[in-house]
Structure formats: structure tokens, C-alpha cells
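Peer 1: The following file, protein27.cif, comprises mmCIF, C-alpha atoms:
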data_input
#
loop_
_atom_site.group_PDB
_atom_site.id
_atom_site.type_symbol
_atom_site.label_atom_id
_atom_site.label_comp_id
_atom_site.auth_asym_id
_atom_site.auth_seq_id
_atom_site.Cartn_x
_atom_site.Cartn_y
_atom_site.Cartn_z
ATOM 1 C CA MET A 49 -4.227 -7.677 8.118
ATOM 2 C CA THR A 50 -6.229 -10.151 6.134
ATOM 3 C CA GLY A 51 -5.580 -11.932 2.871
ATOM 4 C CA SER A 52 -2.547 -13.740 1.525
ATOM 5 C CA VAL A 53 0.972 -12.496 2.205
ATOM 6 C CA GLU A 54 1.059 -11.280 -1.385
ATOM 7 C CA GLU A 55 -2.160 -9.279 -0.968
ATOM 8 C CA GLN A 56 -0.808 -7.713 2.224
ATOM 9 C CA ALA A 57 2.235 -6.474 0.293
ATOM 10 C CA PHE A 58 0.139 -4.022 -1.716
ATOM 11 C CA PRO A 59 -2.271 -1.167 -0.993
ATOM 12 C CA ALA A 60 -5.855 -2.263 -0.296
ATOM 13 C CA ALA A 61 -7.101 -0.754 -3.557
ATOM 14 C CA LEU A 62 -4.889 -3.172 -5.529
ATOM 15 C CA ARG A 63 -5.685 -6.347 -3.601
ATOM 16 C CA PRO A 64 -8.349 -7.707 -5.997
ATOM 17 C CA ALA A 65 -5.839 -7.356 -8.848
ATOM 18 C CA VAL A 66 -3.118 -8.930 -6.679
ATOM 19 C CA ARG A 67 -5.383 -11.911 -5.974
ATOM 20 C CA ALA A 68 -5.899 -12.449 -9.724
ATOM 21 C CA VAL A 69 -2.179 -12.138 -10.504
ATOM 22 C CA VAL A 70 -1.239 -14.547 -7.708
ATOM 23 C CA LEU A 71 -3.704 -17.138 -8.961
ATOM 24 C CA GLN A 72 -2.140 -16.865 -12.416
ATOM 25 C CA VAL A 73 1.523 -16.980 -11.389
ATOM 26 C CA ALA A 74 1.009 -19.601 -8.663
ATOM 27 C CA GLY A 75 -0.766 -21.978 -11.043
ATOM 28 C CA GLY A 76 -4.153 -21.481 -9.395
ATOM 29 C CA VAL A 77 -2.992 -22.414 -5.894
ATOM 30 C CA PRO A 78 -1.565 -19.556 -3.806
ATOM 31 C CA GLU A 79 1.563 -20.489 -1.891
ATOM 32 C CA ARG A 80 1.801 -20.454 1.881
ATOM 33 C CA LEU A 81 4.530 -17.896 2.310
ATOM 34 C CA PRO A 82 6.214 -16.940 5.558
ATOM 35 C CA ALA A 83 5.448 -13.503 6.927
ATOM 36 C CA GLY A 84 7.813 -10.906 5.620
ATOM 37 C CA TYR A 85 8.990 -7.353 6.102
ATOM 38 C CA ARG A 86 6.619 -4.838 7.703
ATOM 39 C CA VAL A 87 6.572 -1.356 6.206
ATOM 40 C CA VAL A 88 4.100 1.519 6.257
ATOM 41 C CA HIS A 89 3.603 3.274 2.924
ATOM 42 C CA ALA A 90 1.109 6.064 2.248
ATOM 43 C CA GLY A 91 -0.549 5.346 5.577
ATOM 44 C CA GLU A 92 -1.082 1.625 4.904
ATOM 45 C CA ALA A 93 0.667 -1.190 6.747
ATOM 46 C CA LEU A 94 2.191 -3.586 4.227
ATOM 47 C CA LEU A 95 3.905 -6.954 4.622
ATOM 48 C CA LEU A 96 6.442 -7.671 1.875
ATOM 49 C CA PRO A 97 7.192 -11.360 1.263
ATOM 50 C CA VAL A 98 10.690 -12.582 2.066
ATOM 51 C CA ARG A 99 10.746 -14.899 -0.963
ATOM 52 C CA VAL A 100 8.279 -16.266 -3.490
ATOM 53 C CA TYR A 101 8.666 -19.568 -5.303
ATOM 54 C CA TYR A 102 6.400 -19.330 -8.338
ATOM 55 C CA PRO A 103 7.397 -21.216 -11.473
ATOM 56 C CA PRO A 104 9.530 -18.697 -13.390
ATOM 57 C CA ALA A 105 7.615 -19.209 -16.650
ATOM 58 C CA ALA A 106 4.281 -18.481 -14.950
ATOM 59 C CA LEU A 107 5.697 -15.401 -13.222
ATOM 60 C CA LEU A 108 7.194 -14.067 -16.439
ATOM 61 C CA ALA A 109 3.860 -14.612 -18.214
ATOM 62 C CA GLY A 110 2.274 -12.468 -15.505
ATOM 63 C CA VAL A 111 4.951 -9.817 -15.982
ATOM 64 C CA ALA A 112 3.980 -9.527 -19.656
ATOM 65 C CA GLN A 113 0.543 -8.167 -18.738
ATOM 66 C CA GLU A 114 -0.176 -4.483 -19.202
ATOM 67 C CA GLY A 115 -0.957 -2.021 -16.439
ATOM 68 C CA ASP A 116 -1.138 -2.774 -12.744
ATOM 69 C CA ALA A 117 -1.303 -6.553 -13.238
ATOM 70 C CA GLY A 118 2.095 -6.669 -14.946
ATOM 71 C CA LEU A 119 3.642 -4.332 -12.395
ATOM 72 C CA ILE A 120 2.217 -6.405 -9.520
ATOM 73 C CA ALA A 121 3.837 -9.510 -11.027
ATOM 74 C CA LEU A 122 7.120 -7.613 -11.417
ATOM 75 C CA CYS A 123 7.013 -6.485 -7.786
ATOM 76 C CA LEU A 124 6.405 -10.043 -6.614
ATOM 77 C CA GLY A 125 9.224 -11.172 -8.900
ATOM 78 C CA THR A 126 11.661 -8.899 -7.061
ATOM 79 C CA ARG A 127 11.197 -11.341 -4.155
ATOM 80 C CA HIS A 128 11.660 -14.510 -6.293
ATOM 81 C CA HIS A 129 14.086 -17.198 -5.144
ATOM 82 C CA ASP A 130 15.986 -17.063 -8.464
ATOM 83 C CA GLY A 131 18.394 -14.117 -8.636
ATOM 84 C CA HIS A 132 18.139 -13.897 -12.437
ATOM 85 C CA VAL A 133 14.369 -13.520 -12.136
ATOM 86 C CA ARG A 134 14.818 -10.878 -9.419
ATOM 87 C CA GLU A 135 17.200 -8.933 -11.651
ATOM 88 C CA ARG A 136 14.805 -9.009 -14.590
ATOM 89 C CA CYS A 137 11.888 -8.004 -12.387
ATOM 90 C CA ILE A 138 13.622 -5.106 -10.617
ATOM 91 C CA GLN A 139 14.564 -3.738 -14.030
ATOM 92 C CA GLY A 140 10.921 -3.957 -15.098
ATOM 93 C CA VAL A 141 9.714 -2.227 -11.929
ATOM 94 C CA LEU A 142 12.253 0.554 -12.456
ATOM 95 C CA GLU A 143 11.130 0.991 -16.080
ATOM 96 C CA ARG A 144 7.362 0.949 -15.428
ATOM 97 C CA GLY A 145 7.222 2.396 -11.950
ATOM 98 C CA ALA A 146 4.382 3.473 -9.688
ATOM 99 C CA PRO A 147 4.498 5.080 -6.245
ATOM 100 C CA TRP A 148 3.072 1.925 -4.636
ATOM 101 C CA ALA A 149 6.001 -0.129 -6.003
ATOM 102 C CA MET A 150 8.712 1.790 -4.115
ATOM 103 C CA PRO A 151 8.731 -0.489 -1.033
ATOM 104 C CA PHE A 152 9.706 -3.380 -3.340
ATOM 105 C CA VAL A 153 12.478 -1.289 -4.905
ATOM 106 C CA LEU A 154 13.951 -0.348 -1.544
ATOM 107 C CA GLN A 155 13.606 -3.889 -0.203
ATOM 108 C CA ALA A 156 15.710 -5.097 -3.142
ATOM 109 C CA LEU A 157 18.642 -3.019 -1.849
ATOM 110 C CA ASP A 158 19.286 -5.892 0.566
ATOM 111 C CA ASP A 159 19.830 -8.343 -2.304
ATOM 112 C CA TYR A 160 23.154 -10.168 -2.569
ATOM 113 C CA VAL A 161 22.864 -10.297 -6.386
ATOM 114 C CA LEU A 162 25.073 -7.398 -7.480
ATOM 115 C CA PRO A 163 23.236 -6.609 -10.757
ATOM 116 C CA VAL A 164 20.035 -6.043 -8.749
ATOM 117 C CA VAL A 165 21.579 -3.317 -6.592
ATOM 118 C CA LEU A 166 23.509 -1.860 -9.543
ATOM 119 C CA ARG A 167 20.239 -1.421 -11.434
ATOM 120 C CA ILE A 168 18.668 0.353 -8.474
ATOM 121 C CA GLU A 169 21.618 2.705 -8.079
ATOM 122 C CA ALA A 170 21.630 3.435 -11.826
ATOM 123 C CA ALA A 171 17.887 4.150 -11.794
ATOM 124 C CA ARG A 172 18.305 6.519 -8.855
ATOM 125 C CA THR A 173 21.193 8.326 -10.553
ATOM 126 C CA ALA A 174 19.301 8.604 -13.856
ATOM 127 C CA GLY A 175 16.009 9.614 -12.242
ATOM 128 C CA ALA A 176 14.279 6.633 -13.836
ATOM 129 C CA ARG A 177 10.510 6.459 -13.978
ATOM 130 C CA GLY A 178 10.429 3.739 -11.333
ATOM 131 C CA TRP A 179 12.545 5.662 -8.825
ATOM 132 C CA ASP A 180 10.888 8.353 -6.706
ATOM 133 C CA GLU A 181 13.430 9.967 -4.386
ATOM 134 C CA SER A 182 10.834 11.731 -2.243
ATOM 135 C CA ILE A 183 8.940 8.490 -1.628
ATOM 136 C CA ALA A 184 12.185 6.619 -0.925
ATOM 137 C CA VAL A 185 13.231 9.228 1.655
ATOM 138 C CA ARG A 186 9.772 9.189 3.246
ATOM 139 C CA LEU A 187 9.782 5.372 3.438
ATOM 140 C CA ALA A 188 13.181 5.439 5.139
ATOM 141 C CA GLY A 189 12.140 8.135 7.591
ATOM 142 C CA GLU A 190 8.749 6.642 8.462
ATOM 143 C CA ASN A 191 10.087 3.084 8.817
ATOM 144 C CA PRO A 192 13.428 3.443 10.623
ATOM 145 C CA ALA A 193 13.505 -0.128 11.981
ATOM 146 C CA TRP A 194 12.753 -1.614 8.543
ATOM 147 C CA PHE A 195 15.304 0.678 6.923
ATOM 148 C CA ALA A 196 17.958 -0.221 9.514
ATOM 149 C CA THR A 197 17.346 -3.904 8.770
ATOM 150 C CA LEU A 198 17.799 -3.211 5.039
ATOM 151 C CA GLU A 199 21.076 -1.505 5.808
ATOM 152 C CA ARG A 200 22.330 -4.308 8.063
ATOM 153 C CA ARG A 201 21.496 -6.908 5.420
ATOM 154 C CA ALA A 202 23.167 -4.873 2.664
ATOM 155 C CA ILE A 203 26.291 -4.511 4.813
ATOM 156 C CA SER A 204 26.273 -8.228 5.565
ATOM 157 C CA TYR A 205 25.990 -9.159 1.886
ATOM 158 C CA TRP A 206 28.710 -6.660 0.974
ATOM 159 C CA ASN A 207 30.992 -8.205 3.598
ATOM 160 C CA GLU A 208 30.257 -11.787 2.574
ATOM 161 C CA HIS A 209 30.020 -11.513 -1.233
ATOM 162 C CA HIS A 210 31.378 -8.193 -2.544
ATOM 163 C CA ARG A 211 34.141 -6.973 -0.257
ATOM 164 C CA ALA A 212 36.879 -8.031 -2.679
ATOM 165 C CA ARG A 213 35.392 -5.814 -5.394
ATOM 166 C CA TYR A 214 34.310 -2.952 -3.100
ATOM 167 C CA GLN A 215 36.958 -2.801 -0.385
ATOM 168 C CA GLN A 216 35.238 0.071 1.403
ATOM 169 C CA ARG A 217 31.654 -0.468 2.535
ATOM 170 C CA GLN A 218 30.793 3.085 1.460
ATOM 171 C CA ALA A 219 31.712 2.175 -2.130
ATOM 172 C CA TYR A 220 29.214 -0.688 -2.359
ATOM 173 C CA PRO A 221 26.235 0.478 -4.500
ATOM 174 C CA ALA A 222 23.499 -0.562 -2.062
ATOM 175 C CA CYS A 223 25.322 1.137 0.806
ATOM 176 C CA ARG A 224 25.732 4.329 -1.248
ATOM 177 C CA VAL A 225 21.996 4.512 -1.956
ATOM 178 C CA ILE A 226 21.088 3.642 1.628
ATOM 179 C CA ALA A 227 23.502 6.245 3.035
ATOM 180 C CA ALA A 228 22.049 8.957 0.797
ATOM 181 C CA LEU A 229 18.480 8.086 1.794
ATOM 182 C CA ARG A 230 19.429 7.827 5.458
ATOM 183 C CA GLY A 231 20.988 11.293 5.330
ATOM 184 C CA ALA A 232 18.038 12.825 3.477
ATOM 185 C CA ALA A 233 15.627 11.253 5.977
ATOM 186 C CA GLY A 234 17.639 12.578 8.925
ATOM 187 C CA LEU A 235 18.364 9.121 10.327
ATOM 188 C CA THR A 236 21.416 8.474 12.495
ATOM 189 C CA PRO A 237 24.480 7.451 10.444
ATOM 190 C CA ARG A 238 25.866 3.927 10.843
#
Reformat the file's structure so that it appears as C-alpha cells.

Peer 2:
Amino acid sequence: MTGSVEEQAFPAALRPAVRAVVLQVAGGVPERLPAGYRVVHAGEALLLPVRVYYPPAALLAGVAQEGDAGLIALCLGTRHHDGHVRERCIQGVLERGAPWAMPFVLQALDDYVLPVVLRIEAARTAGARGWDESIAVRLAGENPAWFATLERRAISYWNEHHRARYQQRQAYPACRVIAALRGAAGLTPR
């Protein structure tokens, strides 16, 4: 793969737009981000960033753009270091939606910020524009190691941060979504 970590997180056809968005939200100087999560989507190998550290105001200005540029900024914002920004951005991704954004939606299931995972579960239940069940199942099935890591992280965050509220792991929203996708994809239950 070539290009910045951010460019590698999106399909090749979007990379020129990603480059422009990153220059805007990073203040003209792209960050040196650590390598992230590897996932194959629609036949393309992607590398989702673990975290991004753009100034929130610059990122939110990017989010306000129309079309792919705004959705690219929202997707990157789902990986932001500030949980409030992540929550706002996952909501935007789920409202706008595009098939290429689904890896970011699923990756956010491993977030420890409860409103992030609640929004994803609600979008799935409501059949929101930004949730595509068939793509989510395919991503889980075609990327079992990545999906297993998502599940382990979700379980870990449930145990550490949310066990008092959700005494049973199966009741935790991220675990409910992951279990449903795992079953639909025919993956071995945990």
C-alpha cells in the first residue's frame, strides 16, 4: 500500500479526495499516524487508523462539506482521540452512509464510549441509511481475524467500563451487534 494511513483507509477511487480532506483537517500537514487495522472491503485491502489527532474545529469544518468529502471527514472522525467527536462523527456516518464507510462503522463497535455503540445498535435496528447489514455480514465473514479482534476489544471494554450497567456480556450493545453479525456470517461463537 502507498500513501498516508488515512488514504489507505479508503478505496483507491476516493484517495485523491481523502488527500484533500486530510490536508484541510490536519492544517496542511498530514500527521504521522501509526499503522492501524487491516480489513479487506470490496476486494481492496484497507488500513483503518487506530486514532487521529486533528484539531476538532478543523475536523468538524471538514465534516460540514457536502458529498464524499464530508463523509470522508466523518469516517476519519470516528477514529478521533476525543470520544465526543467520535460520537458526533459516527452519528453523521450513520445518517449519510455509503457502502465504503461500513468498515469505519464496524470498527467503532470496539469503542469504550457507550453512546458510540448505542448509536450503531440503534442504526442497525432502525435500518438507518448508514447501516448495510449485508455489507456488515460480508465484512465479518471475509475478515475473521479483524472481526475477532473487534469482539475481543468490545468484550474488554464491556468488562472494564460497562459491566455494572450490563451485567451479562450478551446484553452489552456492541456485543449484541457483533454476535448477530458473527452468527449471520457463520463464524464460530465466542

Peer 1: By how many Å are atom CA of Val77 of chain A and atom CA of Leu119 of chain A apart?

Peer 2: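 It comes out at 20.3 Å.
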
Peer 1: Evaluate the PyMOL selection byres ((chain A and resi 116) around 12) and record the selected residues as a ChimeraX atom specification, following the chain and residue labels used in the document.

Peer 2: /A:58-59,61-66,68-69,110-115,117-123,141,144-149

Peer 1: Which residues are close to Val164 of chain A, i.e. within 8 Å by only C-alpha atoms, leaving aside same-chain residues fewer than 2 positions away? Reply as a list in words.

Peer 2: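 Selected residues are Arg134, Glu135, Ile138, Gln139, Ala156, Leu157, Asp159, Val161, Leu162, Leu166, Arg167 and Ile168 of chain A.
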
Peer 1: Output C-alpha atoms for every residue in that selection, as an mmCIF file, in the coordinates of the input.

Peer 2:
data_model
loop_
_atom_site.group_PDB
_atom_site.id
_atom_site.type_symbol
_atom_site.label_atom_id
_atom_site.label_comp_id
_atom_site.auth_asym_id
_atom_site.auth_seq_id
_atom_site.Cartn_x
_atom_site.Cartn_y
_atom_site.Cartn_z
ATOM 1 C CA ARG A 134 14.818 -10.878 -9.419
ATOM 2 C CA GLU A 135 17.200 -8.933 -11.651
ATOM 3 C CA ILE A 138 13.622 -5.106 -10.617
ATOM 4 C CA GLN A 139 14.564 -3.738 -14.030
ATOM 5 C CA ALA A 156 15.710 -5.097 -3.142
ATOM 6 C CA LEU A 157 18.642 -3.019 -1.849
ATOM 7 C CA ASP A 159 19.830 -8.343 -2.304
ATOM 8 C CA VAL A 161 22.864 -10.297 -6.386
ATOM 9 C CA LEU A 162 25.073 -7.398 -7.480
ATOM 10 C CA LEU A 166 23.509 -1.860 -9.543
ATOM 11 C CA ARG A 167 20.239 -1.421 -11.434
ATOM 12 C CA ILE A 168 18.668 0.353 -8.474
#

Peer 1: With only C-alpha atoms as the counted atoms, please give the residues lying no more than 8 Å from Arg177 of chain A, apart from itself and same-chain residues fewer than 2 positions off, as a ChimeraX atom specification.

Peer 2: /A:142-145,175,179-180

Peer 1: Keeping only C-alpha atoms, take the residues you just selected and write them out as a PDB file, in the frame of the given file.

Peer 2:
ATOM      1  CA  LEU A 142      12.253   0.554 -12.456  1.00  0.00           C
ATOM      2  CA  GLU A 143      11.130   0.991 -16.080  1.00  0.00           C
ATOM      3  CA  ARG A 144       7.362   0.949 -15.428  1.00  0.00           C
ATOM      4  CA  GLY A 145       7.222   2.396 -11.950  1.00  0.00           C
ATOM      5  CA  GLY A 175      16.009   9.614 -12.242  1.00  0.00           C
ATOM      6  CA  TRP A 179      12.545   5.662  -8.825  1.00  0.00           C
ATOM      7  CA  ASP A 180      10.888   8.353  -6.706  1.00  0.00           C
TER       8      ASP A 180
END

Peer 1: Could you check how far atom CA of Leu229 of chain A sits from atom CA of Ile183 of chain A, in Å to one decimal?

Peer 2: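 Interatomic distance here is 10.1 Å.
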
Peer 1: To one decimal place in Å, what is the distance between atom CA of Tyr160 of chain A and atom CA of Ala202 of chain A?

Peer 2: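 Atom-to-atom, atom CA of Tyr160 of chain A to atom CA of Ala202 of chain A, that is 7.4 Å.
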
Peer 1: Please evaluate the PyMOL selection byres ((chain A and resi 54) around 12) against the displayed coordinates and give the resulting residues as a ChimeraX atom specification.

Peer 2: /A:49-53,55-60,62-71,73-74,78-85,94-102,120-121,123-125,127,152

Peer 1: Since we have the selection now, will you write its residues out, keeping C-alpha atoms, as a PDB file, in the frame of the given file?

Peer 2:
ATOM      1  CA  MET A  49      -4.227  -7.677   8.118  1.00  0.00           C
ATOM      2  CA  THR A  50      -6.229 -10.151   6.134  1.00  0.00           C
ATOM      3  CA  GLY A  51      -5.580 -11.932   2.871  1.00  0.00           C
ATOM      4  CA  SER A  52      -2.547 -13.740   1.525  1.00  0.00           C
ATOM      5  CA  VAL A  53       0.972 -12.496   2.205  1.00  0.00           C
ATOM      6  CA  GLU A  55      -2.160  -9.279  -0.968  1.00  0.00           C
ATOM      7  CA  GLN A  56      -0.808  -7.713   2.224  1.00  0.00           C
ATOM      8  CA  ALA A  57       2.235  -6.474   0.293  1.00  0.00           C
ATOM      9  CA  PHE A  58       0.139  -4.022  -1.716  1.00  0.00           C
ATOM     10  CA  PRO A  59      -2.271  -1.167  -0.993  1.00  0.00           C
ATOM     11  CA  ALA A  60      -5.855  -2.263  -0.296  1.00  0.00           C
ATOM     12  CA  LEU A  62      -4.889  -3.172  -5.529  1.00  0.00           C
ATOM     13  CA  ARG A  63      -5.685  -6.347  -3.601  1.00  0.00           C
ATOM     14  CA  PRO A  64      -8.349  -7.707  -5.997  1.00  0.00           C
ATOM     15  CA  ALA A  65      -5.839  -7.356  -8.848  1.00  0.00           C
ATOM     16  CA  VAL A  66      -3.118  -8.930  -6.679  1.00  0.00           C
ATOM     17  CA  ARG A  67      -5.383 -11.911  -5.974  1.00  0.00           C
ATOM     18  CA  ALA A  68      -5.899 -12.449  -9.724  1.00  0.00           C
ATOM     19  CA  VAL A  69      -2.179 -12.138 -10.504  1.00  0.00           C
ATOM     20  CA  VAL A  70      -1.239 -14.547  -7.708  1.00  0.00           C
ATOM     21  CA  LEU A  71      -3.704 -17.138  -8.961  1.00  0.00           C
ATOM     22  CA  VAL A  73       1.523 -16.980 -11.389  1.00  0.00           C
ATOM     23  CA  ALA A  74       1.009 -19.601  -8.663  1.00  0.00           C
ATOM     24  CA  PRO A  78      -1.565 -19.556  -3.806  1.00  0.00           C
ATOM     25  CA  GLU A  79       1.563 -20.489  -1.891  1.00  0.00           C
ATOM     26  CA  ARG A  80       1.801 -20.454   1.881  1.00  0.00           C
ATOM     27  CA  LEU A  81       4.530 -17.896   2.310  1.00  0.00           C
ATOM     28  CA  PRO A  82       6.214 -16.940   5.558  1.00  0.00           C
ATOM     29  CA  ALA A  83       5.448 -13.503   6.927  1.00  0.00           C
ATOM     30  CA  GLY A  84       7.813 -10.906   5.620  1.00  0.00           C
ATOM     31  CA  TYR A  85       8.990  -7.353   6.102  1.00  0.00           C
ATOM     32  CA  LEU A  94       2.191  -3.586   4.227  1.00  0.00           C
ATOM     33  CA  LEU A  95       3.905  -6.954   4.622  1.00  0.00           C
ATOM     34  CA  LEU A  96       6.442  -7.671   1.875  1.00  0.00           C
ATOM     35  CA  PRO A  97       7.192 -11.360   1.263  1.00  0.00           C
ATOM     36  CA  VAL A  98      10.690 -12.582   2.066  1.00  0.00           C
ATOM     37  CA  ARG A  99      10.746 -14.899  -0.963  1.00  0.00           C
ATOM     38  CA  VAL A 100       8.279 -16.266  -3.490  1.00  0.00           C
ATOM     39  CA  TYR A 101       8.666 -19.568  -5.303  1.00  0.00           C
ATOM     40  CA  TYR A 102       6.400 -19.330  -8.338  1.00  0.00           C
ATOM     41  CA  ILE A 120       2.217  -6.405  -9.520  1.00  0.00           C
ATOM     42  CA  ALA A 121       3.837  -9.510 -11.027  1.00  0.00           C
ATOM     43  CA  CYS A 123       7.013  -6.485  -7.786  1.00  0.00           C
ATOM     44  CA  LEU A 124       6.405 -10.043  -6.614  1.00  0.00           C
ATOM     45  CA  GLY A 125       9.224 -11.172  -8.900  1.00  0.00           C
ATOM     46  CA  ARG A 127      11.197 -11.341  -4.155  1.00  0.00           C
ATOM     47  CA  PHE A 152       9.706  -3.380  -3.340  1.00  0.00           C
TER      48      PHE A 152
END

Peer 1: For Arg200 of chain A, which of A:Cys137, A:Cys223, A:Val87, A:Leu107 is the closest residue, counting all atoms listed in the file?

Peer 2: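 Using all atoms listed in the file, the shortest distance to Arg200 of chain A belongs to A:Cys223.
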
Peer 1: From the set A:Ser204, A:Thr197, A:Gln216, A:Thr236, which residue has the shortest atom-to-atom contact distance to Gln155 of chain A, counting only C-alpha atoms?

Peer 2: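 Of A:Ser204, A:Thr197, A:Gln216, A:Thr236, the one nearest Gln155 of chain A is A:Thr197, counting only C-alpha atoms.
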
Peer 1: Nearest residue to Gly91 of chain A out of A:Ala227, A:His210, A:Arg186, A:Glu199, using all atoms listed in the file?

Peer 2: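 Checking each of A:Ala227, A:His210, A:Arg186, A:Glu199 against Gly91 of chain A, counting all atoms listed in the file, the winner is A:Arg186.
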
Peer 1: My list of candidates is A:Pro237, A:Pro104, A:Gly231, A:Pro192. Which is closest to Val88 of chain A when distances are computed with all atoms listed in the file?

Peer 2: A:Pro192

Peer 1: Find the axis-aligned box for segment 155-164 of chain A, covering all its listed atoms and adding 5 Å on each side, and write its centre and edge lengths in Å to one decimal as JSON.

Peer 2:
{"center_x": 19.3, "center_y": -6.7, "center_z": -5.1, "size_x": 21.5, "size_y": 17.3, "size_z": 21.3}
